[in-house]
Amino acid sequence: MQTLESVSRREWKVFPFGLVLPGIAGIQWTWLNPGWNDDIRSGSLDRNRVRQFQFDFSGESMDSPDRVTIENRPIKETERFSFQCHSGLSCFTGCCRNADMYLYPYDIVRMKNRLGISSGEFLEQHTVTAIRGNPFFPNVMLKMSDQDDKACPFLSGNGCRVYEDRPFSCRAYPMERGVSPLDHIGNRDILHFIAIHSYCKGHGESREWTVREWIENQEILPFIEMNDSWTDLDVIFRTNPWGEQGLNAKAFKMAFMGSYNMDAFRNFVFSSSFLERFAISEGRIKDIRNSETELLKLGFDWITFFLTGKGSLSTG
Ligand code: SF4
Ligand code: SF4
């Protein structure tokens, strides 16, 4: 039987802020300060506050001298922005090197299935972990090549070899998304930003998009749904639910498995007394057998349950 100890034997690295890689895709998703809600509604959110918050959130500036963020502005859903990325641009695939790329749980599901490897193998081969903005939960980041150009391991001569399942950050750029935690009636505030970087020529192209059109064109919706739910877990993690044991706590290892290691979590669900302990309908069991997205949703529900006693999961 899969045990919790056997599924998460990883070394947790804390990167000093000076050593992180500069790159394009540092923050493509942001936890919005609930205090901004009124400003969002009135449209008066100050972009300097957003930028400062993103520094605070990530723990360091993303910019290096050759990779300067020119602008990062909130944008309304109906507003248009210019952008097109294509192989005719001199910058093509430049942003796939030396990038500081956060991976969210749903990114791992999509990429490891595209590569035909297990989530444990993906985590081992293609990620590093770093404590960044959340001191109580490590960020999982894409491990770049150790060659001089620090290229993404999925970059080929023809571009991205995981393109259909590329992660949220690659997919959404130049759009970033900010969400507040769910309120007591299940609503959340949402804000989008457009980031413009000095090296990206795509902003000079004439093709225009609204946020909604971009989300549809880049097939971002399933990523949004899962990342927004991840926000709610991140809020819980920020309360240090592990106590003094920190990242050695069994609860932390369970939470990491239920978020990032779906193959281990599936074994755990189907090889332990999990399904006897929780009231889960036959229909949902069938769904989680057939879909790793549904399995990940169960993982999120399970983590919420054992850390807070709340949420949609209940014991049978
Ligand atoms: S246009 Fe921007 S996103 Fe596209 S390859 Fe160039 S730098 Fe990357
Ligand atoms: S996953 Fe694909 S698009 Fe993203 S950095 Fe790697 S090669 Fe580029």
# chains A, B, ... in the order shown; residues from 1 in each chain; ligands from 1

$ closest_atom_pairs --of "chain A" --to "ligand 1" --cutoff "6 Å" --atoms "only C-alpha atoms and all ligand atoms" --output "Markdown table"
| residue | atom | partner | partner_atom_place_in_ligand_line | distance |
| --- | --- | --- | --- | --- |
| A:Cys85 | CA | ligand 1 | 4 (Fe) | 3.9 |
| A:Cys91 | CA | ligand 1 | 6 (Fe) | 4.1 |
| A:Phe92 | CA | ligand 1 | 5 (S) | 3.6 |
| A:Thr93 | CA | ligand 1 | 5 (S) | 4.5 |
| A:Gly94 | CA | ligand 1 | 7 (S) | 5.7 |
| A:Cys95 | CA | ligand 1 | 8 (Fe) | 4.5 |
| A:Tyr199 | CA | ligand 1 | 7 (S) | 6.0 |
| A:Cys200 | CA | ligand 1 | 7 (S) | 3.7 |
| A:Lys201 | CA | ligand 1 | 1 (S) | 4.9 |
| A:Gly202 | CA | ligand 1 | 1 (S) | 3.7 |

$ write_last_selection --atoms "N, CA and C atoms" --output "PDB file, in the first residue's frame"
ATOM      1  N   CYS A  85       2.091  36.303 -30.699  1.00  0.00           N
ATOM      2  CA  CYS A  85       3.363  35.600 -30.573  1.00  0.00           C
ATOM      3  C   CYS A  85       3.472  34.647 -31.758  1.00  0.00           C
ATOM      4  N   CYS A  91      12.279  37.586 -31.149  1.00  0.00           N
ATOM      5  CA  CYS A  91      12.328  37.111 -29.760  1.00  0.00           C
ATOM      6  C   CYS A  91      11.818  35.675 -29.630  1.00  0.00           C
ATOM      7  N   PHE A  92      11.422  35.046 -30.740  1.00  0.00           N
ATOM      8  CA  PHE A  92      10.719  33.757 -30.650  1.00  0.00           C
ATOM      9  C   PHE A  92      11.515  32.736 -29.829  1.00  0.00           C
ATOM     10  N   THR A  93      10.862  32.184 -28.857  1.00  0.00           N
ATOM     11  CA  THR A  93      11.369  31.208 -27.864  1.00  0.00           C
ATOM     12  C   THR A  93      12.401  31.807 -26.892  1.00  0.00           C
ATOM     13  N   GLY A  94      12.694  33.100 -27.049  1.00  0.00           N
ATOM     14  CA  GLY A  94      13.636  33.729 -26.104  1.00  0.00           C
ATOM     15  C   GLY A  94      13.123  33.665 -24.673  1.00  0.00           C
ATOM     16  N   CYS A  95      11.799  33.734 -24.535  1.00  0.00           N
ATOM     17  CA  CYS A  95      11.233  33.721 -23.190  1.00  0.00           C
ATOM     18  C   CYS A  95      11.178  32.307 -22.610  1.00  0.00           C
ATOM     19  N   TYR A 199      11.723  42.769 -23.687  1.00  0.00           N
ATOM     20  CA  TYR A 199      12.280  41.892 -24.719  1.00  0.00           C
ATOM     21  C   TYR A 199      11.194  41.270 -25.594  1.00  0.00           C
ATOM     22  N   CYS A 200       9.931  41.425 -25.261  1.00  0.00           N
ATOM     23  CA  CYS A 200       8.851  40.740 -25.965  1.00  0.00           C
ATOM     24  C   CYS A 200       8.323  41.601 -27.102  1.00  0.00           C
ATOM     25  N   LYS A 201       8.503  41.127 -28.331  1.00  0.00           N
ATOM     26  CA  LYS A 201       8.076  41.885 -29.513  1.00  0.00           C
ATOM     27  C   LYS A 201       6.588  41.681 -29.805  1.00  0.00           C
ATOM     28  N   GLY A 202       5.974  40.719 -29.138  1.00  0.00           N
ATOM     29  CA  GLY A 202       4.574  40.413 -29.425  1.00  0.00           C
ATOM     30  C   GLY A 202       3.632  41.570 -29.155  1.00  0.00           C
TER      31      GLY A 202
END

$ closest_atom_pairs --of "chain A" --to "ligand 2" --cutoff "9 Å" --atoms "only C-alpha atoms and all ligand atoms" --output "JSON lines"
{"residue": "A:Ala25", "atom": "CA", "partner": "ligand 2", "partner_atom_place_in_ligand_line": "5 (S)", "distance": 8.6}
{"residue": "A:Thr93", "atom": "CA", "partner": "ligand 2", "partner_atom_place_in_ligand_line": "8 (Fe)", "distance": 6.3}
{"residue": "A:Gly94", "atom": "CA", "partner": "ligand 2", "partner_atom_place_in_ligand_line": "8 (Fe)", "distance": 8.5}
{"residue": "A:Cys95", "atom": "CA", "partner": "ligand 2", "partner_atom_place_in_ligand_line": "5 (S)", "distance": 6.7}
{"residue": "A:Cys96", "atom": "CA", "partner": "ligand 2", "partner_atom_place_in_ligand_line": "5 (S)", "distance": 3.8}
{"residue": "A:Arg97", "atom": "CA", "partner": "ligand 2", "partner_atom_place_in_ligand_line": "5 (S)", "distance": 6.9}
{"residue": "A:Ala99", "atom": "CA", "partner": "ligand 2", "partner_atom_place_in_ligand_line": "5 (S)", "distance": 7.2}
{"residue": "A:Met101", "atom": "CA", "partner": "ligand 2", "partner_atom_place_in_ligand_line": "5 (S)", "distance": 7.7}
{"residue": "A:Met111", "atom": "CA", "partner": "ligand 2", "partner_atom_place_in_ligand_line": "1 (S)", "distance": 8.6}
{"residue": "A:Leu142", "atom": "CA", "partner": "ligand 2", "partner_atom_place_in_ligand_line": "6 (Fe)", "distance": 8.5}
{"residue": "A:Met144", "atom": "CA", "partner": "ligand 2", "partner_atom_place_in_ligand_line": "6 (Fe)", "distance": 8.8}
{"residue": "A:Ala151", "atom": "CA", "partner": "ligand 2", "partner_atom_place_in_ligand_line": "6 (Fe)", "distance": 7.8}
{"residue": "A:Cys152", "atom": "CA", "partner": "ligand 2", "partner_atom_place_in_ligand_line": "6 (Fe)", "distance": 4.6}
{"residue": "A:Pro153", "atom": "CA", "partner": "ligand 2", "partner_atom_place_in_ligand_line": "6 (Fe)", "distance": 6.5}
{"residue": "A:Phe154", "atom": "CA", "partner": "ligand 2", "partner_atom_place_in_ligand_line": "7 (S)", "distance": 4.6}
{"residue": "A:Leu155", "atom": "CA", "partner": "ligand 2", "partner_atom_place_in_ligand_line": "7 (S)", "distance": 3.9}
{"residue": "A:Ser156", "atom": "CA", "partner": "ligand 2", "partner_atom_place_in_ligand_line": "7 (S)", "distance": 7.2}
{"residue": "A:Gly159", "atom": "CA", "partner": "ligand 2", "partner_atom_place_in_ligand_line": "7 (S)", "distance": 6.3}
{"residue": "A:Cys160", "atom": "CA", "partner": "ligand 2", "partner_atom_place_in_ligand_line": "7 (S)", "distance": 4.0}
{"residue": "A:Arg161", "atom": "CA", "partner": "ligand 2", "partner_atom_place_in_ligand_line": "2 (Fe)", "distance": 6.4}
{"residue": "A:Val162", "atom": "CA", "partner": "ligand 2", "partner_atom_place_in_ligand_line": "2 (Fe)", "distance": 5.8}
{"residue": "A:Tyr163", "atom": "CA", "partner": "ligand 2", "partner_atom_place_in_ligand_line": "2 (Fe)", "distance": 5.7}
{"residue": "A:Asp165", "atom": "CA", "partner": "ligand 2", "partner_atom_place_in_ligand_line": "1 (S)", "distance": 8.1}
{"residue": "A:Arg166", "atom": "CA", "partner": "ligand 2", "partner_atom_place_in_ligand_line": "1 (S)", "distance": 4.9}
{"residue": "A:Pro167", "atom": "CA", "partner": "ligand 2", "partner_atom_place_in_ligand_line": "1 (S)", "distance": 6.1}
{"residue": "A:Phe168", "atom": "CA", "partner": "ligand 2", "partner_atom_place_in_ligand_line": "4 (Fe)", "distance": 8.6}
{"residue": "A:Ser169", "atom": "CA", "partner": "ligand 2", "partner_atom_place_in_ligand_line": "4 (Fe)", "distance": 7.4}
{"residue": "A:Cys170", "atom": "CA", "partner": "ligand 2", "partner_atom_place_in_ligand_line": "4 (Fe)", "distance": 4.7}
{"residue": "A:Arg171", "atom": "CA", "partner": "ligand 2", "partner_atom_place_in_ligand_line": "3 (S)", "distance": 7.3}

$ write_last_selection --atoms "C-alpha atoms" --output "mmCIF file, in the first residue's frame"
data_model
loop_
_atom_site.group_PDB
_atom_site.id
_atom_site.type_symbol
_atom_site.label_atom_id
_atom_site.label_comp_id
_atom_site.auth_asym_id
_atom_site.auth_seq_id
_atom_site.Cartn_x
_atom_site.Cartn_y
_atom_site.Cartn_z
ATOM 1 C CA ALA A 25 6.688 34.127 -16.140
ATOM 2 C CA THR A 93 11.369 31.208 -27.864
ATOM 3 C CA GLY A 94 13.636 33.729 -26.104
ATOM 4 C CA CYS A 95 11.233 33.721 -23.190
ATOM 5 C CA CYS A 96 11.586 29.909 -22.923
ATOM 6 C CA ARG A 97 15.124 30.360 -21.586
ATOM 7 C CA ALA A 99 12.731 31.722 -17.028
ATOM 8 C CA MET A 101 8.424 29.605 -14.015
ATOM 9 C CA MET A 111 2.336 18.162 -18.593
ATOM 10 C CA LEU A 142 10.106 24.327 -13.684
ATOM 11 C CA MET A 144 15.607 24.834 -16.504
ATOM 12 C CA ALA A 151 16.545 26.558 -21.714
ATOM 13 C CA CYS A 152 13.222 25.024 -20.774
ATOM 14 C CA PRO A 153 13.549 21.229 -21.057
ATOM 15 C CA PHE A 154 10.555 21.186 -23.413
ATOM 16 C CA LEU A 155 12.004 23.612 -25.929
ATOM 17 C CA SER A 156 12.845 21.954 -29.256
ATOM 18 C CA GLY A 159 9.238 25.402 -30.527
ATOM 19 C CA CYS A 160 7.419 23.961 -27.522
ATOM 20 C CA ARG A 161 7.058 20.169 -27.573
ATOM 21 C CA VAL A 162 4.333 20.223 -24.877
ATOM 22 C CA TYR A 163 2.471 23.106 -26.560
ATOM 23 C CA ASP A 165 -0.445 21.130 -22.528
ATOM 24 C CA ARG A 166 1.904 24.024 -21.806
ATOM 25 C CA PRO A 167 1.551 25.474 -18.328
ATOM 26 C CA PHE A 168 -0.696 28.343 -17.366
ATOM 27 C CA SER A 169 2.103 30.914 -17.256
ATOM 28 C CA CYS A 170 3.214 30.232 -20.862
ATOM 29 C CA ARG A 171 -0.368 30.036 -22.057
#

$ closest_residue --among "A:Phe136, A:Phe278, A:Met257, A:Ile108" --to "Ile236 of chain A" --atoms "only C-alpha atoms"
A:Phe136

$ select_by_dssp --residues "segment 138-239 of chain A" --states "alpha helix (DSSP H)" --output "PDB file with C-alpha atoms, in the first residue's frame"
ATOM      1  CA  PHE A 168      -0.696  28.343 -17.366  1.00  0.00           C
ATOM      2  CA  SER A 169       2.103  30.914 -17.256  1.00  0.00           C
ATOM      3  CA  CYS A 170       3.214  30.232 -20.862  1.00  0.00           C
ATOM      4  CA  ARG A 171      -0.368  30.036 -22.057  1.00  0.00           C
ATOM      5  CA  ALA A 172      -1.692  33.163 -20.399  1.00  0.00           C
ATOM      6  CA  VAL A 211      -9.363  39.336 -21.969  1.00  0.00           C
ATOM      7  CA  ARG A 212     -12.295  37.059 -22.709  1.00  0.00           C
ATOM      8  CA  GLU A 213     -11.147  36.435 -26.283  1.00  0.00           C
ATOM      9  CA  TRP A 214      -7.609  35.680 -25.089  1.00  0.00           C
ATOM     10  CA  ILE A 215      -8.842  33.187 -22.483  1.00  0.00           C
ATOM     11  CA  GLU A 216     -10.874  31.428 -25.146  1.00  0.00           C
ATOM     12  CA  ASN A 217      -8.164  31.491 -27.813  1.00  0.00           C
ATOM     13  CA  LEU A 221     -10.507  28.215 -18.736  1.00  0.00           C
ATOM     14  CA  PRO A 222      -9.709  24.800 -17.176  1.00  0.00           C
ATOM     15  CA  PHE A 223      -6.486  26.260 -15.772  1.00  0.00           C
ATOM     16  CA  ILE A 224      -8.377  29.205 -14.310  1.00  0.00           C
ATOM     17  CA  GLU A 225     -10.904  26.972 -12.609  1.00  0.00           C
ATOM     18  CA  MET A 226      -8.230  24.877 -10.892  1.00  0.00           C
ATOM     19  CA  ASN A 227      -5.879  27.769 -10.079  1.00  0.00           C
ATOM     20  CA  ASP A 228      -8.672  29.763  -8.476  1.00  0.00           C
ATOM     21  CA  SER A 229      -9.432  26.801  -6.195  1.00  0.00           C
ATOM     22  CA  TRP A 230      -5.725  26.581  -5.451  1.00  0.00           C
ATOM     23  CA  THR A 231      -5.947  30.180  -4.173  1.00  0.00           C
ATOM     24  CA  ASP A 232      -8.285  29.053  -1.422  1.00  0.00           C
ATOM     25  CA  LEU A 233      -5.816  26.373  -0.317  1.00  0.00           C
ATOM     26  CA  ASP A 234      -2.961  28.850  -0.434  1.00  0.00           C
ATOM     27  CA  VAL A 235      -4.888  31.047   1.979  1.00  0.00           C
ATOM     28  CA  ILE A 236      -5.135  28.105   4.395  1.00  0.00           C
ATOM     29  CA  PHE A 237      -1.450  27.236   3.975  1.00  0.00           C
TER      30      PHE A 237
END

$ residues_around --residues "segment 192-194 of chain A" --least-positions-apart "6" --cutoff "7 Å" --atoms "only C-alpha atoms" --output "ChimeraX atom specification"
/A:72-75,174-178

$ write_last_selection --atoms "C-alpha atoms" --output "PDB file, in the first residue's frame"
ATOM      1  CA  ASN A  72       1.772  45.824 -15.599  1.00  0.00           C
ATOM      2  CA  ARG A  73      -1.676  47.325 -15.693  1.00  0.00           C
ATOM      3  CA  PRO A  74      -5.109  46.173 -14.603  1.00  0.00           C
ATOM      4  CA  ILE A  75      -7.369  45.695 -17.623  1.00  0.00           C
ATOM      5  CA  PRO A 174       0.844  38.589 -21.320  1.00  0.00           C
ATOM      6  CA  MET A 175      -2.307  38.241 -19.240  1.00  0.00           C
ATOM      7  CA  GLU A 176      -2.044  37.810 -15.489  1.00  0.00           C
ATOM      8  CA  ARG A 177      -4.922  37.058 -13.193  1.00  0.00           C
ATOM      9  CA  GLY A 178      -5.644  38.168  -9.652  1.00  0.00           C
TER      10      GLY A 178
END

$ closest_residue --among "A:Val269, A:Ala195, A:Ile190, A:Ile185" --to "Tyr173 of chain A" --atoms "only C-alpha atoms"
A:Ala195

$ closest_residue --among "A:Gly88, A:Gly133, A:Gly316, A:Gly157" --to "Leu275 of chain A" --atoms "only C-alpha atoms"
A:Gly316

$ atom_distance --atom1 "atom CA of Leu123 of chain A" --atom2 "atom CA of Asn261 of chain A"
7.9 Å

$ select_by_dssp --residues "segment 146-237 of chain A" --states "strand (DSSP E or B)" --output "mmCIF file with C-alpha atoms, in the first residue's frame"
data_model
loop_
_atom_site.group_PDB
_atom_site.id
_atom_site.type_symbol
_atom_site.label_atom_id
_atom_site.label_comp_id
_atom_site.auth_asym_id
_atom_site.auth_seq_id
_atom_site.Cartn_x
_atom_site.Cartn_y
_atom_site.Cartn_z
ATOM 1 C CA ALA A 151 16.545 26.558 -21.714
ATOM 2 C CA LEU A 155 12.004 23.612 -25.929
ATOM 3 C CA SER A 156 12.845 21.954 -29.256
ATOM 4 C CA GLY A 159 9.238 25.402 -30.527
ATOM 5 C CA CYS A 160 7.419 23.961 -27.522
ATOM 6 C CA MET A 175 -2.307 38.241 -19.240
ATOM 7 C CA GLU A 176 -2.044 37.810 -15.489
ATOM 8 C CA ARG A 177 -4.922 37.058 -13.193
ATOM 9 C CA GLY A 178 -5.644 38.168 -9.652
ATOM 10 C CA VAL A 179 -8.327 36.592 -7.507
ATOM 11 C CA ILE A 190 -11.294 38.839 -10.129
ATOM 12 C CA LEU A 191 -8.913 41.189 -11.847
ATOM 13 C CA HIS A 192 -6.760 40.801 -14.943
ATOM 14 C CA PHE A 193 -3.506 42.535 -15.759
ATOM 15 C CA ILE A 194 -1.471 42.981 -18.907
ATOM 16 C CA ALA A 195 2.280 42.698 -18.420
ATOM 17 C CA ILE A 196 4.628 44.193 -20.978
ATOM 18 C CA HIS A 197 8.284 43.159 -20.946
ATOM 19 C CA GLU A 208 -6.120 42.886 -30.709
ATOM 20 C CA TRP A 209 -7.882 40.881 -28.015
ATOM 21 C CA THR A 210 -10.191 41.337 -25.088
#

$ atom_distance --atom1 "atom CA of Ile285 of chain A" --atom2 "atom CA of Lys310 of chain A"
20.3 Å

$ atom_distance --atom1 "atom CA of Tyr260 of chain A" --atom2 "atom CA of Pro105 of chain A"
5.1 Å

$ closest_residue --among "A:Ser312, A:Ser119, A:Thr78, A:Asn139" --to "Tyr102 of chain A" --atoms "only C-alpha atoms"
A:Asn139

$ residues_around --residues "Ser82 of chain A" --least-positions-apart "2" --cutoff "9 Å" --atoms "only C-alpha atoms" --output "NGL selection string"
:A and (80 or 84 or 202-209)

$ write_last_selection --atoms "N, CA and C atoms" --output "compact mmCIF listing (two decimals), in the first residue's frame"
# COMPACT_ATOMS: atom_id res chain seq x y z
N ARG A 80 -9.35 46.30 -24.90
CA ARG A 80 -8.56 45.53 -25.86
C ARG A 80 -7.06 45.76 -25.63
N GLN A 84 0.59 39.43 -30.33
CA GLN A 84 0.63 38.18 -31.09
C GLN A 84 2.04 37.59 -30.98
N GLY A 202 5.97 40.72 -29.14
CA GLY A 202 4.57 40.41 -29.42
C GLY A 202 3.63 41.57 -29.16
N HIS A 203 4.04 42.48 -28.28
CA HIS A 203 3.18 43.62 -27.95
C HIS A 203 3.08 44.64 -29.08
N GLY A 204 4.03 44.57 -30.01
CA GLY A 204 4.03 45.52 -31.13
C GLY A 204 3.19 45.03 -32.31
N GLU A 205 2.64 43.84 -32.22
CA GLU A 205 1.83 43.29 -33.31
C GLU A 205 0.43 43.93 -33.29
N SER A 206 -0.24 43.90 -34.44
CA SER A 206 -1.50 44.66 -34.54
C SER A 206 -2.73 43.88 -34.05
N ARG A 207 -2.62 42.56 -33.92
CA ARG A 207 -3.78 41.76 -33.51
C ARG A 207 -4.25 42.19 -32.12
N GLU A 208 -5.58 42.42 -31.99
CA GLU A 208 -6.12 42.89 -30.71
C GLU A 208 -7.03 41.84 -30.09
N TRP A 209 -7.08 41.84 -28.77
CA TRP A 209 -7.88 40.88 -28.02
C TRP A 209 -8.55 41.57 -26.84
